[in-house]
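Structure data follow from run.txt (compact mmCIF, C-alpha atoms):
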```
# COMPACT_ATOMS: atom_id res chain seq x y z
CA MET A 93 -39.39 -37.96 -44.94
CA THR A 94 -38.64 -34.37 -44.61
CA SER A 95 -35.33 -32.60 -44.51
CA SER A 96 -34.23 -29.05 -44.35
CA THR A 97 -30.98 -27.33 -45.12
CA THR A 98 -30.05 -23.97 -43.74
CA LEU A 99 -27.02 -21.81 -44.42
CA SER A 100 -25.71 -19.60 -41.76
CA PRO A 101 -22.72 -17.29 -42.23
CA ALA A 102 -19.71 -18.30 -40.19
CA PHE A 103 -18.17 -14.87 -40.50
CA ALA A 104 -19.43 -11.42 -41.15
CA PRO A 105 -18.59 -9.93 -44.61
CA SER A 106 -16.17 -7.54 -42.95
CA GLN A 107 -14.27 -10.55 -41.57
CA LEU A 108 -14.03 -12.26 -44.95
CA CYS A 109 -12.06 -9.58 -46.74
CA SER A 110 -10.19 -7.30 -44.46
CA GLY A 111 -6.84 -7.08 -46.24
CA LYS A 112 -5.67 -4.44 -48.70
CA ASN A 113 -7.36 -4.25 -52.10
CA GLY A 114 -10.20 -6.41 -50.81
CA MET A 115 -7.98 -9.54 -50.63
CA CYS A 116 -8.04 -11.82 -47.61
CA PRO A 117 -4.68 -11.93 -45.86
CA SER A 118 -4.87 -15.68 -45.20
CA SER A 119 -4.60 -18.40 -47.81
CA TYR A 120 -8.21 -19.47 -47.26
CA VAL A 121 -11.46 -18.24 -45.73
CA ALA A 122 -14.54 -19.94 -44.28
CA LEU A 123 -17.46 -19.07 -46.54
CA SER A 124 -20.41 -20.60 -44.73
CA LYS A 125 -21.60 -23.23 -42.30
CA CYS A 126 -24.11 -25.71 -43.67
CA VAL A 127 -26.49 -27.30 -41.14
CA LYS A 128 -28.57 -30.28 -42.30
CA SER A 129 -31.25 -31.89 -40.26
CA GLY A 130 -33.15 -35.04 -41.01
CA LYS A 131 -34.45 -37.97 -38.99
CA GLY A 132 -33.27 -36.31 -35.86
CA LYS A 133 -29.65 -36.27 -36.89
CA ARG A 134 -27.57 -33.16 -37.24
CA MET A 135 -24.47 -32.79 -39.37
CA ASN A 136 -22.28 -29.72 -39.46
CA VAL A 137 -20.39 -29.06 -42.66
CA LYS A 138 -17.91 -26.23 -43.04
CA CYS A 139 -17.35 -25.12 -46.64
CA MET A 140 -13.85 -23.81 -47.20
CA ALA A 141 -12.54 -21.95 -50.27
CA THR A 142 -9.02 -21.06 -51.22
CA SER A 143 -8.28 -17.46 -52.13
CA ILE A 144 -5.56 -16.06 -54.43
CA PRO A 145 -2.97 -13.95 -52.64
CA ALA A 146 -2.45 -10.48 -54.09
CA ASP A 147 1.18 -11.22 -54.94
CA ARG A 148 0.09 -14.11 -57.19
CA VAL A 149 -2.23 -12.14 -59.50
CA PRO A 150 -0.96 -12.55 -63.16
CA ASP A 151 1.12 -9.63 -64.40
CA MET A 152 -0.70 -7.50 -67.01
CA GLU A 153 2.52 -7.00 -69.02
CA LYS A 154 2.96 -10.75 -69.25
CA ARG A 155 -0.60 -11.05 -70.49
CA LYS A 156 0.06 -8.51 -73.22
CA LEU A 157 3.24 -10.34 -74.25
CA LEU A 158 1.40 -13.65 -74.47
CA ASN A 159 -1.36 -12.01 -76.54
CA LEU A 160 1.22 -10.61 -78.97
CA LEU A 161 2.91 -13.98 -79.29
CA LEU A 162 -0.44 -15.62 -79.99
CA LEU A 163 -1.29 -12.98 -82.60
CA GLY A 164 2.06 -13.50 -84.32
CA ALA A 165 1.62 -17.26 -84.33
CA ILE A 166 -1.73 -16.85 -86.10
CA SER A 167 -0.72 -14.06 -88.49
CA LEU A 168 2.39 -15.65 -90.01
CA PRO A 169 0.69 -18.81 -91.32
CA SER A 170 -2.26 -16.74 -92.55
CA ALA A 171 0.03 -14.42 -94.51
CA GLY A 172 1.78 -17.44 -96.03
CA MET A 173 -1.54 -18.79 -97.26
CA LEU A 174 -2.70 -15.44 -98.69
CA LEU A 175 0.52 -14.72 -100.62
CA PRO A 176 -0.21 -17.14 -103.51
CA TYR A 177 -3.66 -15.60 -103.94
CA THR A 178 -2.05 -12.15 -104.18
CA TYR A 179 0.19 -13.30 -107.05
CA PHE A 180 -2.93 -14.50 -108.86
CA PHE A 181 -4.11 -10.90 -109.31
CA VAL A 182 -0.75 -9.61 -110.61
CA PRO A 183 -0.88 -9.26 -114.41
CA PRO A 184 1.28 -11.92 -116.04
CA GLY A 185 4.31 -10.69 -117.88
CA SER A 186 8.02 -11.21 -118.20
CA GLY A 187 10.48 -8.61 -117.10
CA GLY A 188 12.64 -6.91 -119.65
CA SER A 189 15.57 -4.55 -119.59
CA GLY A 190 15.17 -1.32 -117.67
CA GLY A 191 12.10 -2.52 -115.81
CA GLY A 192 10.17 -3.12 -119.03
CA THR A 193 7.63 -5.76 -120.00
CA VAL A 194 7.91 -8.20 -122.90
CA ALA A 195 5.06 -7.65 -125.34
CA LYS A 196 2.56 -10.49 -125.75
CA ASP A 197 0.51 -11.30 -128.83
CA ALA A 198 -3.16 -12.30 -128.89
CA LEU A 199 -2.26 -15.87 -127.90
CA GLY A 200 -0.11 -14.75 -124.97
CA ASN A 201 3.21 -15.54 -126.66
CA ASP A 202 6.25 -13.26 -126.53
CA VAL A 203 6.45 -11.00 -129.57
CA ILE A 204 9.61 -11.71 -131.58
CA ALA A 205 10.39 -8.67 -133.72
CA ALA A 206 11.68 -10.57 -136.78
CA GLU A 207 8.67 -12.89 -136.83
CA TRP A 208 6.26 -10.03 -136.26
CA LEU A 209 7.56 -8.04 -139.22
CA LYS A 210 7.08 -11.03 -141.53
CA THR A 211 3.31 -10.82 -141.08
CA HIS A 212 2.79 -7.09 -140.43
CA GLY A 213 3.50 -4.60 -143.18
CA PRO A 214 4.26 -0.85 -143.24
CA GLY A 215 1.70 1.32 -141.47
CA ASP A 216 0.35 -1.62 -139.48
CA ARG A 217 -0.92 -0.99 -135.96
CA THR A 218 -1.83 -4.17 -134.10
CA LEU A 219 -2.72 -4.60 -130.46
CA THR A 220 -0.43 -6.42 -128.06
CA GLN A 221 -0.32 -6.70 -124.27
CA GLY A 222 1.87 -3.97 -122.84
CA LEU A 223 2.74 -2.34 -119.55
CA LYS A 224 0.47 -3.31 -116.64
CA GLY A 225 -1.42 -5.55 -119.05
CA ASP A 226 -2.81 -2.58 -121.02
CA PRO A 227 -3.62 -3.07 -124.72
CA THR A 228 -0.81 -1.36 -126.63
CA TYR A 229 -0.32 -0.88 -130.35
CA LEU A 230 2.91 -1.94 -132.03
CA VAL A 231 3.61 0.46 -134.91
CA VAL A 232 5.35 -0.64 -138.12
CA GLU A 233 7.07 2.22 -139.94
CA LYS A 234 7.17 2.71 -143.71
CA ASP A 235 10.64 1.17 -143.90
CA ARG A 236 9.26 -2.06 -142.35
CA THR A 237 10.87 -1.51 -138.98
CA LEU A 238 9.18 -1.24 -135.62
CA ALA A 239 8.64 2.27 -134.30
CA THR A 240 10.49 3.17 -131.12
CA TYR A 241 7.21 3.81 -129.35
CA GLY A 242 4.02 1.90 -128.61
CA ILE A 243 0.59 3.52 -128.27
CA ASN A 244 -1.64 2.69 -125.33
CA ALA A 245 -5.12 1.91 -126.68
CA VAL A 246 -7.09 3.04 -123.61
CA CYS A 247 -9.19 6.12 -124.43
CA THR A 248 -8.48 9.09 -122.16
CA HIS A 249 -12.19 9.91 -121.96
CA LEU A 250 -13.82 6.94 -120.25
CA GLY A 251 -11.36 4.10 -120.79
CA CYS A 252 -12.71 2.36 -123.88
CA VAL A 253 -10.26 0.47 -126.11
CA VAL A 254 -9.77 2.58 -129.23
CA PRO A 255 -9.43 0.71 -132.56
CA PHE A 256 -7.29 1.95 -135.43
CA ASN A 257 -9.20 2.92 -138.57
CA SER A 258 -6.78 2.22 -141.41
CA ALA A 259 -9.11 3.79 -143.99
CA GLU A 260 -8.96 7.17 -142.22
CA ASN A 261 -5.46 6.58 -140.81
CA LYS A 262 -6.53 7.51 -137.28
CA PHE A 263 -7.78 6.05 -134.02
CA ILE A 264 -11.54 6.51 -133.54
CA CYS A 265 -13.20 5.63 -130.25
CA PRO A 266 -16.49 3.73 -130.79
CA CYS A 267 -17.92 4.85 -127.42
CA HIS A 268 -18.17 8.63 -127.74
CA GLY A 269 -16.41 9.50 -130.99
CA SER A 270 -13.06 10.76 -129.70
CA GLN A 271 -10.37 10.77 -132.39
CA TYR A 272 -6.57 10.56 -132.37
CA ASN A 273 -4.11 10.82 -135.24
CA ASN A 274 -1.97 7.85 -136.29
CA GLN A 275 0.50 8.59 -133.47
CA GLY A 276 -2.21 8.78 -130.82
CA ARG A 277 -2.37 12.57 -130.42
CA VAL A 278 -5.91 13.71 -129.64
CA VAL A 279 -7.53 15.68 -132.50
CA ARG A 280 -11.18 15.54 -131.45
CA GLY A 281 -12.99 15.30 -128.12
CA PRO A 282 -14.54 14.58 -125.79
CA ALA A 283 -11.22 12.91 -124.89
CA PRO A 284 -9.12 15.57 -123.11
CA LEU A 285 -5.67 14.02 -123.60
CA SER A 286 -3.60 12.10 -126.12
CA LEU A 287 -3.12 8.36 -125.81
CA ALA A 288 -0.26 7.32 -123.52
CA LEU A 289 3.08 6.24 -124.96
CA ALA A 290 5.57 3.51 -124.08
CA HIS A 291 9.09 2.96 -125.35
CA CYS A 292 9.40 0.02 -127.70
CA ASP A 293 12.81 -1.65 -127.37
CA LEU A 294 14.35 -4.97 -128.35
CA ASP A 295 15.89 -7.41 -125.90
CA ASP A 296 17.39 -10.57 -127.38
CA GLY A 297 15.03 -10.25 -130.34
CA LYS A 298 11.93 -9.78 -128.18
CA VAL A 299 9.84 -6.61 -128.16
CA VAL A 300 9.95 -4.92 -124.77
CA PHE A 301 7.78 -2.03 -123.60
CA VAL A 302 9.46 0.41 -121.20
CA PRO A 303 7.71 3.29 -119.38
CA TRP A 304 7.86 6.64 -121.16
CA THR A 305 8.79 9.37 -118.69
CA GLU A 306 10.29 12.11 -120.83
CA THR A 307 8.64 14.81 -122.97
CA ASP A 308 5.79 13.72 -125.23
CA PHE A 309 7.23 14.29 -128.72
CA ARG A 310 3.72 14.79 -130.15
CA THR A 311 2.79 17.74 -127.92
CA GLY A 312 6.11 18.96 -126.52
CA GLU A 313 4.67 18.62 -122.99
CA ASN A 314 5.42 16.47 -120.00
CA PRO A 315 3.68 13.08 -120.18
CA TRP A 316 0.41 13.19 -118.24
CA TRP A 317 0.59 9.41 -117.55
CA ALA A 318 4.02 9.45 -115.85
```
Would you write out, as structure tokens, the structure that this file holds?
Amino acid sequence: MTSSTTLSPAFAPSQLCSGKNGMCPSSYVALSKCVKSGKGKRMNVKCMATSIPADRVPDMEKRKLLNLLLLGAISLPSAGMLLPYTYFFVPPGSGGSGGGTVAKDALGNDVIAAEWLKTHGPGDRTLTQGLKGDPTYLVVEKDRTLATYGINAVCTHLGCVVPFNSAENKFICPCHGSQYNNQGRVVRGPAPLSLALAHCDLDDGKVVFVPWTETDFRTGENPWWA
């Protein structure tokens, strides 16, 4: 059994789309005539297709509005999920008066001034957690009171943590040998600047570090860290 199918155009291309902007003016057009022959029988099939009138093309402004709405619907839940992860990277610390930070000891507990002074004698300089999580020395004066300033332990050369050498009564950096006096003023390079300061206040018995923004009393100059 043999069969053949032939397609013959019912209309010329110029007749298919003769309206403005290449759109057919009618609601449908005849695309082709299909002629099938087999066993001596002939069957004519006309294939019709519906066109979209020009006045029914979706508005581009509406498309943009729908895209914006879709973007907003996706962004808001995503931001809500990312917010807790953002808080994870914020250094832990309790707020104090004047935008300060409560000092933390080596175990992460709030430093209570009265308790601290029971175990730290005159001339003591012990590291605590200070502003922005930086290691900061609490200073005990000769009269067994806390000094009104804390000393940031981050070396101004390359950022090493500088230990206090009680035998020499100065801070000596183990990385490159920079030295600072017992108040943190630089006395030997390669460090170019003195150690940063922070105010040391009390709030309900707790030690609170507050940013130091006024003149550096050790050098008489504006604070480089502010």
Checklist entry - Which is closest to Gln275 of chain A among A:Lys224, A:Lys234, A:Lys262, A:Lys156, if we use only C-alpha atoms? => result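 Distance minimum relative to Gln275 of chain A lands on A:Lys262.
Across the structure, atom CA of Pro214 of chain A and atom CA of Thr240 of chain A are spaced 14.2 Å apart.
One finds atom CA of Leu174 of chain A at 24.6 Å from atom CA of Leu158 of chain A.
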Counting only C-alpha atoms, which residues have an atom no more than 10 Å from (7.5, 0.8, -140.1) in the file's coordinates? Please list them as number ranges by chain.
A: 209, 212-217, 230-240
Q) Of the candidates A:Lys154, A:Asp293, A:Ala171, A:Ala318, which one gets nearest to Thr305 of chain A if we count all atoms listed in the file? A)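 Among the listed residues, A:Ala318 lies closest to Thr305 of chain A.
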Check your understanding: How would you write as an NGL selection string the residues that get within 10 Å of (-5.0, 10.9, -128.4) in the file's frame, counting all atoms listed in the file?
Key -> :A and (243-249 or 254 or 262-265 or 270-281 or 283-289 or 310)
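Pairwise distance (atom CA of Cys252 of chain A, atom CA of Gly192 of chain A) equals 24.0 Å.
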Quick one: axis-aligned box around all listed atoms of segment 228-242 of chain A, 4 Å on every side, centre and edge lengths in Å to one decimal, written as AutoDock Vina command-line options.
```
--center_x 5.0 --center_y 0.9 --center_z -135.3 --size_x 19.7 --size_y 13.9 --size_z 25.3
```
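Across A:Gly222, A:Pro315, A:Pro169, A:Pro266, the tightest approach to Val302 of chain A is made by A:Gly222 when counting all atoms listed in the file.
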